[in-house]
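Shown next: run-v5.csv, containing CSV, C-alpha atoms and all ligand atoms.
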```csv
chain,number,residue,atom,x,y,z
A,1,MET,CA,0.0,0.0,0.0
A,2,PHE,CA,1.2,3.5,-0.8
A,3,GLY,CA,0.4,6.8,0.9
A,4,LEU,CA,0.4,10.3,-0.6
A,5,PHE,CA,3.4,11.0,-2.9
A,6,GLY,CA,3.9,7.3,-3.5
A,7,LYS,CA,5.6,6.6,-0.1
A,8,LYS,CA,4.9,3.2,1.3
A,9,ILE,CA,2.5,2.8,4.2
A,10,ASP,CA,4.0,0.9,7.1
A,11,THR,CA,1.2,-1.4,8.0
A,12,ALA,CA,2.7,-2.9,11.2
A,13,ARG,CA,3.5,0.6,12.6
A,14,SER,CA,0.1,1.9,11.4
A,15,GLU,CA,-1.6,-0.7,13.4
A,16,ALA,CA,0.5,0.1,16.4
A,17,LEU,CA,-0.4,3.7,15.9
A,18,ARG,CA,-4.1,3.0,15.7
A,19,ASN,CA,-4.0,0.9,18.8
A,20,ALA,CA,-2.0,3.5,20.8
A,21,LEU,CA,-4.3,6.4,19.7
A,22,GLY,CA,-7.4,4.4,20.0
A,23,SER,CA,-6.8,3.7,23.7
A,24,LEU,CA,-6.5,7.4,24.6
A,25,VAL,CA,-9.5,8.7,26.5
A,26,ASP,CA,-11.3,11.8,25.3
A,27,PRO,CA,-11.9,13.9,28.4
A,28,HIS,CA,-15.1,15.4,27.1
A,29,ALA,CA,-16.8,12.2,25.8
A,30,GLY,CA,-15.4,10.1,28.6
A,31,GLU,CA,-14.7,7.3,26.1
A,32,THR,CA,-11.6,6.1,24.3
A,33,LEU,CA,-11.1,7.6,20.8
A,34,ALA,CA,-11.6,4.1,19.4
A,35,ASP,CA,-15.0,3.6,21.1
A,36,ALA,CA,-16.1,7.1,20.1
A,37,HIS,CA,-15.1,6.4,16.5
A,38,PHE,CA,-13.1,9.7,16.4
A,39,ILE,CA,-10.1,8.4,14.5
A,40,GLU,CA,-10.8,8.8,10.8
A,41,ARG,CA,-7.2,7.9,9.7
A,42,ALA,CA,-4.0,6.9,11.4
A,43,GLU,CA,-1.2,5.8,9.1
A,44,VAL,CA,2.5,5.7,9.2
A,45,VAL,CA,4.1,6.7,5.9
A,46,GLY,CA,7.9,6.5,5.8
A,47,ASP,CA,8.7,7.6,9.3
A,48,GLU,CA,5.8,10.1,9.6
A,49,ALA,CA,2.5,9.5,11.5
A,50,GLN,CA,-0.5,11.0,9.6
A,51,ILE,CA,-3.5,11.4,11.9
A,52,ASP,CA,-7.0,12.7,11.0
A,53,VAL,CA,-9.4,13.0,13.8
A,54,VAL,CA,-13.1,13.9,13.4
A,55,LEU,CA,-14.9,14.8,16.6
A,56,ASP,CA,-18.7,15.0,17.0
A,57,TYR,CA,-18.4,18.0,19.3
A,58,PRO,CA,-16.8,21.4,18.6
A,59,ALA,CA,-13.5,21.8,20.3
A,60,ALA,CA,-11.5,24.8,19.1
A,61,GLY,CA,-10.3,25.4,22.7
A,62,PHE,CA,-9.1,21.8,23.0
A,63,GLU,CA,-7.5,21.3,19.6
A,64,ALA,CA,-3.9,22.3,20.6
A,65,GLU,CA,-4.0,20.0,23.6
A,66,LEU,CA,-5.4,17.1,21.7
A,67,THR,CA,-2.9,17.5,18.9
A,68,GLU,CA,-0.1,17.6,21.4
A,69,LEU,CA,-1.4,14.4,23.1
A,70,LEU,CA,-1.9,12.6,19.8
A,71,GLU,CA,1.6,13.5,18.4
A,72,ARG,CA,3.4,12.7,21.7
A,73,THR,CA,1.7,9.3,21.7
A,74,ALA,CA,2.7,8.7,18.1
A,75,LEU,CA,6.3,9.7,18.7
A,76,GLN,CA,6.6,7.0,21.4
A,77,ILE,CA,6.3,4.3,18.8
A,78,GLU,CA,9.6,3.1,17.6
A,79,GLY,CA,10.4,4.2,14.1
A,80,ILE,CA,8.1,7.2,14.0
A,81,LYS,CA,10.0,10.5,13.8
A,82,SER,CA,7.4,13.1,13.0
A,83,ALA,CA,3.6,13.5,13.0
A,84,LYS,CA,1.0,15.5,11.1
A,85,THR,CA,-2.5,15.9,12.6
A,86,THR,CA,-5.8,17.3,11.4
A,87,ILE,CA,-8.8,17.8,13.7
A,88,ALA,CA,-12.2,18.4,12.3
A,89,PHE,CA,-15.7,18.6,13.8
A,90,VAL,CA,-19.0,17.3,12.3
A,91,SER,CA,-22.1,17.6,14.4
A,92,PRO,CA,-24.3,14.6,14.7
A,93,LEU,CA,-27.9,14.7,13.5
A,94,GLY,CA,-30.0,14.4,16.7
A,95,SER,CA,-33.2,16.3,16.2
A,96,SER,CA,-35.8,14.8,14.0
A,97,GLN,CA,-39.6,14.4,14.3
A,98,ASN,CA,-41.0,11.4,12.5
A,99,GLY,CA,-37.6,11.0,10.9
A,100,LYS,CA,-37.6,14.6,9.6
A,101,PRO,CA,-35.3,17.3,11.1
A,102,LEU,CA,-36.5,20.8,11.7
A,103,PRO,CA,-35.2,22.6,8.6
A,104,GLY,CA,-31.8,24.2,9.2
A,105,VAL,CA,-31.3,22.6,12.6
A,106,ARG,CA,-29.3,19.5,13.4
A,107,ASN,CA,-29.7,19.4,17.1
A,108,ILE,CA,-32.1,21.1,19.5
A,109,ILE,CA,-30.9,21.2,23.1
A,110,ALA,CA,-33.3,22.3,25.8
A,111,VAL,CA,-32.0,24.2,28.8
A,112,ALA,CA,-34.3,23.8,31.8
A,113,SER,CA,-34.5,24.3,35.5
A,114,GLY,CA,-37.2,23.2,37.9
A,115,LYS,CA,-36.9,26.4,39.9
A,116,GLY,CA,-37.0,30.0,38.6
A,117,GLY,CA,-34.1,32.4,39.1
A,118,VAL,CA,-31.3,29.8,39.3
A,119,GLY,CA,-29.6,31.3,36.3
A,120,LYS,CA,-31.0,29.2,33.4
A,121,SER,CA,-31.1,32.1,30.9
A,122,THR,CA,-27.7,33.4,31.9
A,123,THR,CA,-26.3,29.8,31.4
A,124,SER,CA,-28.2,29.3,28.1
A,125,VAL,CA,-26.8,32.4,26.5
A,126,ASN,CA,-23.3,31.8,27.7
A,127,LEU,CA,-23.5,28.1,26.6
A,128,ALA,CA,-24.7,29.1,23.2
A,129,LEU,CA,-21.9,31.5,22.8
A,130,ALA,CA,-19.4,29.0,24.1
A,131,LEU,CA,-20.5,26.4,21.6
A,132,ALA,CA,-20.0,29.0,18.9
A,133,ALA,CA,-16.6,30.0,20.2
A,134,GLU,CA,-15.7,26.3,20.0
A,135,GLY,CA,-16.5,26.3,16.3
A,136,ALA,CA,-20.2,25.4,15.9
A,137,THR,CA,-23.0,27.3,14.2
A,138,VAL,CA,-25.5,28.1,17.0
A,139,GLY,CA,-28.9,29.5,17.5
A,140,LEU,CA,-30.7,30.5,20.6
A,141,LEU,CA,-34.5,30.4,21.1
A,142,ASP,CA,-35.8,32.2,24.1
A,143,ALA,CA,-38.8,30.0,25.1
A,144,ASP,CA,-39.1,31.8,28.5
A,145,ILE,CA,-42.2,33.5,27.3
A,146,TYR,CA,-43.4,35.0,30.5
A,147,GLY,CA,-40.0,36.6,31.1
A,148,PRO,CA,-38.0,36.8,27.9
A,149,SER,CA,-34.6,38.0,29.0
A,150,GLN,CA,-32.5,37.0,26.0
A,151,PRO,CA,-32.9,40.3,24.1
A,152,LEU,CA,-31.5,42.2,27.1
A,153,MET,CA,-28.8,39.7,27.8
A,154,LEU,CA,-27.7,39.8,24.1
A,155,GLY,CA,-28.1,43.6,23.8
A,156,ALA,CA,-30.4,43.0,20.8
A,157,LYS,CA,-33.8,44.6,20.2
A,158,GLU,CA,-34.4,44.7,16.5
A,159,THR,CA,-37.7,43.4,15.1
A,160,PRO,CA,-37.1,40.3,13.0
A,161,VAL,CA,-37.3,40.7,9.2
A,162,VAL,CA,-40.1,38.7,7.6
A,163,ASP,CA,-39.3,37.2,4.1
A,164,GLU,CA,-41.6,36.6,1.1
A,165,GLN,CA,-42.5,33.1,2.5
A,166,ARG,CA,-43.6,34.8,5.7
A,167,ALA,CA,-40.7,33.2,7.6
A,168,MET,CA,-38.8,35.3,10.2
A,169,GLN,CA,-35.1,35.8,9.8
A,170,PRO,CA,-33.3,35.2,13.1
A,171,VAL,CA,-31.9,38.3,14.8
A,172,MET,CA,-28.1,38.0,14.7
A,173,ALA,CA,-26.4,38.8,18.1
A,174,HIS,CA,-22.7,38.2,18.9
A,175,GLY,CA,-22.7,35.7,16.0
A,176,LEU,CA,-25.7,33.7,17.2
A,177,GLN,CA,-29.0,33.3,15.3
A,178,THR,CA,-31.6,34.3,17.9
A,179,MET,CA,-35.3,34.5,18.3
A,180,SER,CA,-37.4,35.7,21.2
A,181,ILE,CA,-41.0,36.7,21.9
A,182,GLY,CA,-39.3,39.8,23.4
A,183,TYR,CA,-38.4,40.9,19.8
A,184,LEU,CA,-42.1,40.8,18.8
A,185,ILE,CA,-44.3,42.0,21.7
A,186,ASP,CA,-43.8,43.8,24.9
A,187,ASP,CA,-43.5,41.8,28.1
A,188,ALA,CA,-46.8,42.8,29.6
A,189,GLN,CA,-48.7,41.3,26.7
A,190,ALA,CA,-47.4,37.7,27.1
A,191,MET,CA,-47.9,37.9,30.9
A,192,VAL,CA,-51.6,37.4,30.5
A,193,TRP,CA,-51.4,34.5,28.1
A,194,ARG,CA,-52.7,31.1,29.1
A,195,GLY,CA,-50.9,27.8,28.6
A,196,PRO,CA,-52.1,26.8,25.1
A,197,MET,CA,-51.4,30.3,23.8
A,198,VAL,CA,-47.9,30.1,25.1
A,199,THR,CA,-47.2,26.7,23.5
A,200,SER,CA,-48.6,27.7,20.2
A,201,ALA,CA,-46.6,31.0,20.2
A,202,LEU,CA,-43.5,29.0,21.0
A,203,MET,CA,-44.1,26.5,18.3
A,204,GLN,CA,-44.5,29.4,15.9
A,205,LEU,CA,-41.3,31.0,17.0
A,206,LEU,CA,-39.5,27.7,16.5
A,207,ASN,CA,-41.1,26.7,13.2
A,208,ASP,CA,-41.5,30.1,11.5
A,209,THR,CA,-37.9,31.2,12.0
A,210,ARG,CA,-35.6,30.6,9.1
A,211,TRP,CA,-32.7,28.9,10.9
A,212,HIS,CA,-29.6,28.6,8.8
A,213,ASP,CA,-27.4,25.5,9.0
A,214,LEU,CA,-27.4,25.2,12.8
A,215,ASP,CA,-25.3,22.6,14.5
A,216,TYR,CA,-27.1,23.4,17.7
A,217,LEU,CA,-30.2,25.3,18.6
A,218,ILE,CA,-30.2,26.1,22.4
A,219,VAL,CA,-33.8,26.5,23.7
A,220,ASP,CA,-34.0,28.5,26.9
A,221,MET,CA,-37.1,26.8,28.4
A,222,PRO,CA,-39.6,28.6,30.7
A,223,PRO,CA,-38.8,27.7,34.4
A,224,GLY,CA,-40.9,25.0,36.1
A,225,THR,CA,-42.2,21.6,35.3
A,226,GLY,CA,-45.9,22.3,34.6
A,227,ASP,CA,-48.1,21.7,31.6
A,228,ILE,CA,-46.4,24.3,29.4
A,229,GLN,CA,-43.0,22.7,29.9
A,230,LEU,CA,-44.3,19.2,29.4
A,231,THR,CA,-46.1,20.1,26.2
A,232,LEU,CA,-43.0,21.8,24.9
A,233,ALA,CA,-40.8,18.9,25.7
A,234,GLN,CA,-43.2,16.7,23.8
A,235,LYS,CA,-43.8,18.9,20.8
A,236,VAL,CA,-40.3,20.2,20.1
A,237,PRO,CA,-38.0,17.5,18.6
A,238,VAL,CA,-35.4,17.9,21.3
A,239,ALA,CA,-32.2,15.9,20.9
A,240,GLY,CA,-31.2,16.3,24.6
A,241,SER,CA,-31.8,18.5,27.6
A,242,VAL,CA,-29.6,20.0,30.3
A,243,ILE,CA,-30.7,20.9,33.8
A,244,VAL,CA,-29.4,24.1,35.5
A,245,THR,CA,-29.6,24.1,39.3
A,246,THR,CA,-28.1,25.9,42.3
A,247,PRO,CA,-26.7,23.6,45.0
A,248,GLN,CA,-29.4,24.5,47.5
A,249,ASP,CA,-31.9,21.7,48.5
A,250,ILE,CA,-35.0,23.6,47.3
A,251,ALA,CA,-33.6,24.0,43.8
A,252,LEU,CA,-32.4,20.4,43.7
A,253,ILE,CA,-35.9,19.1,44.5
A,254,ASP,CA,-37.2,21.1,41.6
A,255,ALA,CA,-34.3,20.0,39.3
A,256,ARG,CA,-35.3,16.4,40.1
A,257,LYS,CA,-38.8,17.1,38.9
A,258,ALA,CA,-37.4,18.5,35.6
A,259,ILE,CA,-35.4,15.3,35.1
A,260,THR,CA,-38.5,13.2,35.7
A,261,MET,CA,-40.4,15.4,33.3
A,262,PHE,CA,-37.9,14.8,30.4
A,263,GLU,CA,-37.7,11.1,31.2
A,264,LYS,CA,-41.5,10.9,30.9
A,265,VAL,CA,-41.4,12.2,27.4
A,266,ASN,CA,-38.3,10.3,26.4
A,267,VAL,CA,-36.0,13.3,26.1
A,268,PRO,CA,-32.5,12.3,27.2
A,269,VAL,CA,-31.1,14.4,30.0
A,270,LEU,CA,-27.5,15.0,29.0
A,271,GLY,CA,-26.3,16.4,32.3
A,272,VAL,CA,-26.5,18.9,35.1
A,273,ILE,CA,-24.9,22.4,35.3
A,274,GLU,CA,-24.5,23.7,38.8
A,275,ASN,CA,-24.8,27.5,38.9
A,276,MET,CA,-23.7,29.7,41.7
A,277,SER,CA,-21.7,26.8,43.1
A,278,VAL,CA,-19.5,29.0,45.3
A,279,HIS,CA,-19.0,32.7,45.8
A,280,VAL,CA,-15.5,34.1,45.3
A,281,CYS,CA,-15.1,37.4,47.1
A,282,SER,CA,-13.9,40.0,44.7
A,283,ASN,CA,-12.0,41.8,47.4
A,284,CYS,CA,-10.1,39.0,49.3
A,285,GLY,CA,-10.7,35.9,47.0
A,286,HIS,CA,-12.3,34.0,49.9
A,287,VAL,CA,-14.4,31.2,48.6
A,288,GLU,CA,-17.8,30.5,50.2
A,289,PRO,CA,-20.4,27.9,49.3
A,290,ILE,CA,-23.4,30.2,49.9
A,291,PHE,CA,-26.0,27.8,48.6
A,292,GLY,CA,-24.4,24.7,50.1
A,293,SER,CA,-22.0,22.3,48.4
A,294,GLY,CA,-22.0,19.0,46.6
A,295,GLY,CA,-25.7,19.4,45.5
A,296,GLY,CA,-25.1,19.2,41.7
A,297,GLU,CA,-22.8,16.3,42.1
A,298,LYS,CA,-25.3,14.4,44.2
A,299,LEU,CA,-28.1,15.1,41.7
A,300,ALA,CA,-26.0,14.0,38.8
A,301,SER,CA,-24.8,10.8,40.5
A,302,GLU,CA,-28.2,9.8,41.8
A,303,ASN,CA,-29.6,10.1,38.3
A,304,HIS,CA,-26.6,8.6,36.5
A,305,ILE,CA,-26.0,11.7,34.4
A,306,ASP,CA,-22.9,13.9,34.1
A,307,LEU,CA,-22.2,17.0,36.1
A,308,LEU,CA,-21.1,19.0,33.1
A,309,GLY,CA,-19.8,22.1,34.8
A,310,GLN,CA,-19.9,24.4,37.9
A,311,LEU,CA,-20.1,28.2,37.6
A,312,PRO,CA,-19.4,30.4,40.6
A,313,LEU,CA,-21.7,33.2,41.8
A,314,ASP,CA,-19.7,36.0,40.4
A,315,LEU,CA,-20.6,39.7,40.1
A,316,ALA,CA,-19.1,39.9,36.6
A,317,ILE,CA,-21.4,37.1,35.2
A,318,ARG,CA,-24.4,39.3,36.3
A,319,THR,CA,-23.1,42.6,35.1
A,320,ASP,CA,-21.9,41.2,31.7
A,321,VAL,CA,-25.4,39.8,30.9
A,322,ASP,CA,-27.1,43.0,32.2
A,323,GLU,CA,-25.0,45.0,29.8
A,324,GLY,CA,-25.8,42.8,26.8
A,325,TRP,CA,-22.2,41.3,26.6
A,326,PRO,CA,-22.3,37.8,28.2
A,327,THR,CA,-19.0,36.8,29.8
A,328,VAL,CA,-18.0,34.4,27.0
A,329,VAL,CA,-17.8,37.3,24.6
A,330,ARG,CA,-17.1,40.2,27.0
A,331,ASP,CA,-14.1,38.5,28.7
A,332,SER,CA,-13.3,35.5,26.5
A,333,GLU,CA,-10.1,34.6,28.3
A,334,SER,CA,-11.5,34.8,31.8
A,335,VAL,CA,-11.7,31.8,34.1
A,336,ASN,CA,-15.5,31.9,33.9
A,337,ALA,CA,-15.5,32.0,30.1
A,338,LEU,CA,-13.2,29.0,30.0
A,339,ILE,CA,-15.5,27.1,32.4
A,340,TYR,CA,-18.5,27.9,30.1
A,341,ARG,CA,-16.5,26.6,27.1
A,342,GLN,CA,-15.4,23.4,28.8
A,343,THR,CA,-19.0,22.9,29.9
A,344,ALA,CA,-20.2,23.4,26.3
A,345,ARG,CA,-17.7,20.9,25.0
A,346,LYS,CA,-18.9,18.3,27.5
A,347,LEU,CA,-22.5,19.0,26.8
A,348,ALA,CA,-22.0,18.5,23.0
A,349,ALA,CA,-19.8,15.5,23.6
A,350,ALA,CA,-22.5,14.0,25.9
A,351,LEU,CA,-25.1,14.5,23.1
A,352,GLY,CA,-22.8,12.8,20.6
A,353,ARG,CA,-22.2,9.9,22.9
A,354,HIS,CA,-25.9,9.5,23.6
A,355,LEU,CA,-26.7,9.5,19.9
A,356,ARG,CA,-24.0,6.9,19.2
A,357,GLN,CA,-25.1,4.6,21.9
A,358,ASP,CA,-28.7,5.1,21.1
A,359,HIS,CA,-29.0,4.5,17.4
A,360,PHE,CA,-26.2,2.8,15.8
A,361,ASP,CA,-23.0,0.9,15.7
A,362,GLY,CA,-21.1,3.1,13.3
A,363,PRO,CA,-20.9,6.9,13.1
A,364,ASN,CA,-24.3,8.6,12.5
A,365,ILE,CA,-22.9,11.1,10.2
A,366,SER,CA,-21.9,10.5,6.6
A,367,ILE,CA,-19.6,12.6,4.5
A,368,ASP,CA,-20.4,12.7,0.8
A,369,GLU,CA,-17.7,12.9,-1.8
A,370,ASP,CA,-17.6,16.7,-1.9
A,371,GLY,CA,-16.8,16.7,1.8
A,372,GLY,CA,-20.4,17.9,2.5
A,373,ASP,CA,-22.6,16.3,4.9
A,374,ALA,CA,-25.0,13.8,3.3
A,375,ASP,CA,-27.5,13.8,6.1
A,376,GLY,CA,-27.9,17.6,6.4
A,401,LIG,N1,-23.3,32.6,38.1
A,401,LIG,C1,-23.9,33.8,38.3
A,401,LIG,N2,-23.2,34.7,39.0
A,401,LIG,C2,-23.8,35.9,39.3
A,401,LIG,N3,-25.1,36.2,38.9
A,401,LIG,C3,-25.8,35.3,38.2
A,401,LIG,C4,-25.2,34.0,37.9
A,401,LIG,N4,-26.1,33.4,37.1
A,401,LIG,C5,-27.2,34.2,37.1
A,401,LIG,N5,-27.0,35.3,37.7
A,401,LIG,C6,-27.9,36.4,37.9
A,401,LIG,O1,-29.1,35.9,38.6
A,401,LIG,C7,-30.3,36.5,38.1
A,401,LIG,C8,-31.2,35.4,37.6
A,401,LIG,O2,-30.6,34.8,36.4
A,401,LIG,P1,-31.4,34.3,35.2
A,401,LIG,O3,-32.4,35.3,34.7
A,401,LIG,O4,-30.4,33.7,34.2
A,401,LIG,O5,-32.2,33.1,35.9
A,401,LIG,P2,-33.4,32.2,35.3
A,401,LIG,O6,-33.2,30.9,36.0
A,401,LIG,O7,-33.4,32.2,33.8
A,401,LIG,O8,-34.6,33.0,35.8
A,401,LIG,P3,-36.2,32.9,35.4
A,401,LIG,O9,-36.6,31.7,36.2
A,401,LIG,O10,-36.7,34.2,35.9
A,401,LIG,O11,-36.2,32.7,33.9
A,401,LIG,C9,-29.9,37.5,37.0
A,401,LIG,O12,-29.7,38.7,37.5
A,401,LIG,C10,-28.5,37.0,36.6
A,401,LIG,O13,-27.7,38.0,36.1
```
Spell out the structure here as structure tokens.
Amino acid sequence: MFGLFGKKIDTARSEALRNALGSLVDPHAGETLADAHFIERAEVVGDEAQIDVVLDYPAAGFEAELTELLERTALQIEGIKSAKTTIAFVSPLGSSQNGKPLPGVRNIIAVASGKGGVGKSTTSVNLALALAAEGATVGLLDADIYGPSQPLMLGAKETPVVDEQRAMQPVMAHGLQTMSIGYLIDDAQAMVWRGPMVTSALMQLLNDTRWHDLDYLIVDMPPGTGDIQLTLAQKVPVAGSVIVTTPQDIALIDARKAITMFEKVNVPVLGVIENMSVHVCSNCGHVEPIFGSGGGEKLASENHIDLLGQLPLDLAIRTDVDEGWPTVVRDSESVNALIYRQTARKLAAALGRHLRQDHFDGPNISIDEDGGDADG
């Protein structure tokens, strides 16, 4: 067998390379690269290792570290003197209803909380921006109809443009495709709506928006676990959900209800995000678990799901969203922005893992000959 430029592929060393790389554990997926089917190609040509990796979650912030790990592992194999690596991302296709995806959307992820005020909207907007920073094309749907906070948090207030087919163009904000009832009516109007009006308004927002090539659409759900939330979870073709909670008992009880609600309608719960985990004093740096500690971890382990991340109670997180510049874009190198990004990678990787385990033995994405995605 010959590789590029007619150099011979070393089959024995290629196999050793594949075995060595395949046994490495991906820290976001929690699986080996072999089990996750992430290694597209691993060959030794002459004395060079050529490695192509295709991840099913966006990982711009992890690429350098992964490349270094892959190449260090390759160079430990006797006879390999150099290595060349490419890392790509192709999102899985998780959201479909009766086998049909929502046009322009590959994966819908619902962000929910049992209890109000735990930071669900703040977490949704930062997660959406974090997925985008990691290299995905992302949308954000504000389904919190009684208190649409996304326009404020994104610093966006334009009225969506309606095209000839009467579809709304999403409002672009910090690179995200966004839609919110807050762009269309004032808050006081929605406050008097009853349940069925809320669900039909939301289904319209979802279906009548012209989403463009989204890898992920993050849906900021209304707080609670009542009829509105249940109907939404049933009607929206959600690929997976994530629960935001604070560590305090009262929030955890409601978070458990949210997990049960999603289980009832067969929407996989991909993990828990603990918000306001600890307070770090901006004066002296003293760390204090104001709302208790260990709650998110306990909730995750009791329900056999991942604790995807823990965000501190930090004044900057609040002021950033209040000013329309969420932390991930306002202060992209800050510790909190990096926590959001790592949490976003873990969330997307958990979705990929779930879809792999759920439906199929091989990868659920196929690449056509032009390098385009045959499923999309
Ligand atoms: N980690 C954090 N650190 C500091 N402030 C935060 C944090 N997360 C959220 N907040 C603040 O807490 C308040 C409530 O947050 P948010 O509106 O995101 O909660 P919510 O769960 O979506 O609320 P609702 O139930 O009303 O929809 C906001 O003022 C927000 O800025």
query: Given the choices A:Thr11, A:Ser82, A:Asn336, A:Thr122, which gets closest to ligand LIG 401 (chain A) if the distance is worked out from all atoms listed in the file?
result: A:Thr122
- prompt: Counting all atoms listed in the file, which of A:Val219, A:Leu140, A:Val287, A:Val125 gets nearest to ligand LIG 401 (chain A)?
  reply: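 Using all atoms listed in the file, the shortest distance to ligand LIG 401 (chain A) belongs to A:Val125.
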message: Hey, which residues sit close to ligand LIG 401 (chain A)? Say within 7 Å, counting all atoms listed in the file, and write them as a ChimeraX atom specification.
response: /A:113,115-123,144,147,149,222-223,275-276,311-319,321-322
message: One number please: atom CA of Ala350 of chain A to atom CA of Ile109 of chain A, in Å, one decimal.
response: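 Taking atom CA of Ala350 of chain A and atom CA of Ile109 of chain A, their separation equals 11.4 Å.
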task: Would you mind reading off the distance between atom CA of Ala42 of chain A and atom CA of Glu63 of chain A, one decimal, in Å?
output: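 If I compute the distance from atom CA of Ala42 of chain A to atom CA of Glu63 of chain A, I get 16.9 Å.
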Neighbours of Leu299 of chain A within 8 Å (only C-alpha atoms; same-chain residues fewer than 5 positions away dropped), as a CSV table (one decimal) with C-alpha atoms, keeping the file's coordinate frame?
```
chain,number,residue,atom,x,y,z
A,252,LEU,CA,-32.4,20.4,43.7
A,256,ARG,CA,-35.3,16.4,40.1
A,272,VAL,CA,-26.5,18.9,35.1
```
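Nearest residue to Ala133 of chain A among A:Val328, A:Ile145, A:Val111, A:Ala64 is A:Val328, counting all atoms listed in the file.
Nearest residue to His354 of chain A among A:Ala29, A:Ala60, A:Leu217, A:Leu21 is A:Ala29, counting all atoms listed in the file.
Among the candidate residues A:Ala12, A:Val161, A:Leu232, A:Gln248, the one lying nearest to Pro196 of chain A is A:Leu232, with distances computed using only C-alpha atoms.
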task: Identify the residues around (-31.3, 11.2, 42.5) within a radius of 10 Å, measuring from all atoms listed in the file in the coordinates stated by the file, and give them as a list in words.
output: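 It turns out the residues near that spot are Leu252, Ile253, Ala255, Arg256, Ile259, Glu297, Lys298, Leu299, Ala300, Ser301, Glu302, Asn303, His304 and Ile305 of chain A.
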- line: Nearest to Asp163 of chain A, restricted to only C-alpha atoms and choosing among A:Arg210, A:Val265, A:Arg194, A:Arg353, comes out as A:Arg210
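Between atom CA of Asp208 of chain A and atom CA of Arg166 of chain A the separation is 7.8 Å.
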query: Counting only C-alpha atoms, what is within 10 Å of segment 199-201 of chain A, bar same-chain residues fewer than 6 positions away, as a PyMOL selection string?
result: chain A and resi 143+145+181+190+193+207+227-232+235
Protein/DNA/RNA residues near (-16.0, 6.2, 25.5), cut 12 Å, only C-alpha atoms, as a ChimeraX atom specification: /A:22-38,349-350,352-354,356-357
message: Show me, as an MDAnalysis selection string, the residues that have an atom within 12 Å of Pro160 of chain A when counting all atoms listed in the file, minus same-chain residues fewer than 6 positions from it.
response: chainID A and resid 151 166:173 177:185 205 208:210
For segment 300-312 of chain A, supply N, CA and C atoms and format the output as a short mmCIF file (atom, residue, chain, number, x, y, z; two decimals), in the frame of the given file.
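Dumped everything to out22.cif:
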```
data_model
loop_
_atom_site.label_atom_id
_atom_site.label_comp_id
_atom_site.auth_asym_id
_atom_site.auth_seq_id
_atom_site.Cartn_x
_atom_site.Cartn_y
_atom_site.Cartn_z
N ALA A 300 -26.47 14.65 40.00
CA ALA A 300 -26.00 14.00 38.80
C ALA A 300 -25.76 12.48 39.10
N SER A 301 -25.09 12.17 40.21
CA SER A 301 -24.80 10.80 40.50
C SER A 301 -26.04 9.96 40.77
N GLU A 302 -26.98 10.55 41.48
CA GLU A 302 -28.20 9.80 41.80
C GLU A 302 -29.00 9.49 40.50
N ASN A 303 -28.87 10.35 39.50
CA ASN A 303 -29.60 10.10 38.30
C ASN A 303 -28.79 9.56 37.14
N HIS A 304 -27.56 9.17 37.48
CA HIS A 304 -26.60 8.60 36.50
C HIS A 304 -26.44 9.45 35.28
N ILE A 305 -26.28 10.74 35.53
CA ILE A 305 -26.00 11.70 34.40
C ILE A 305 -24.73 12.45 34.82
N ASP A 306 -24.19 13.18 33.85
CA ASP A 306 -22.90 13.90 34.10
C ASP A 306 -23.17 15.25 34.77
N LEU A 307 -22.25 15.62 35.65
CA LEU A 307 -22.20 17.00 36.10
C LEU A 307 -21.29 17.69 35.08
N LEU A 308 -21.89 18.51 34.22
CA LEU A 308 -21.10 19.00 33.10
C LEU A 308 -20.27 20.22 33.43
N GLY A 309 -20.64 20.95 34.46
CA GLY A 309 -19.80 22.10 34.80
C GLY A 309 -20.39 22.80 36.07
N GLN A 310 -19.55 23.62 36.69
CA GLN A 310 -19.90 24.40 37.90
C GLN A 310 -19.49 25.81 37.73
N LEU A 311 -20.44 26.74 37.79
CA LEU A 311 -20.10 28.20 37.60
C LEU A 311 -20.24 28.85 38.98
N PRO A 312 -19.28 29.71 39.30
CA PRO A 312 -19.40 30.40 40.60
C PRO A 312 -20.43 31.53 40.53
#
```
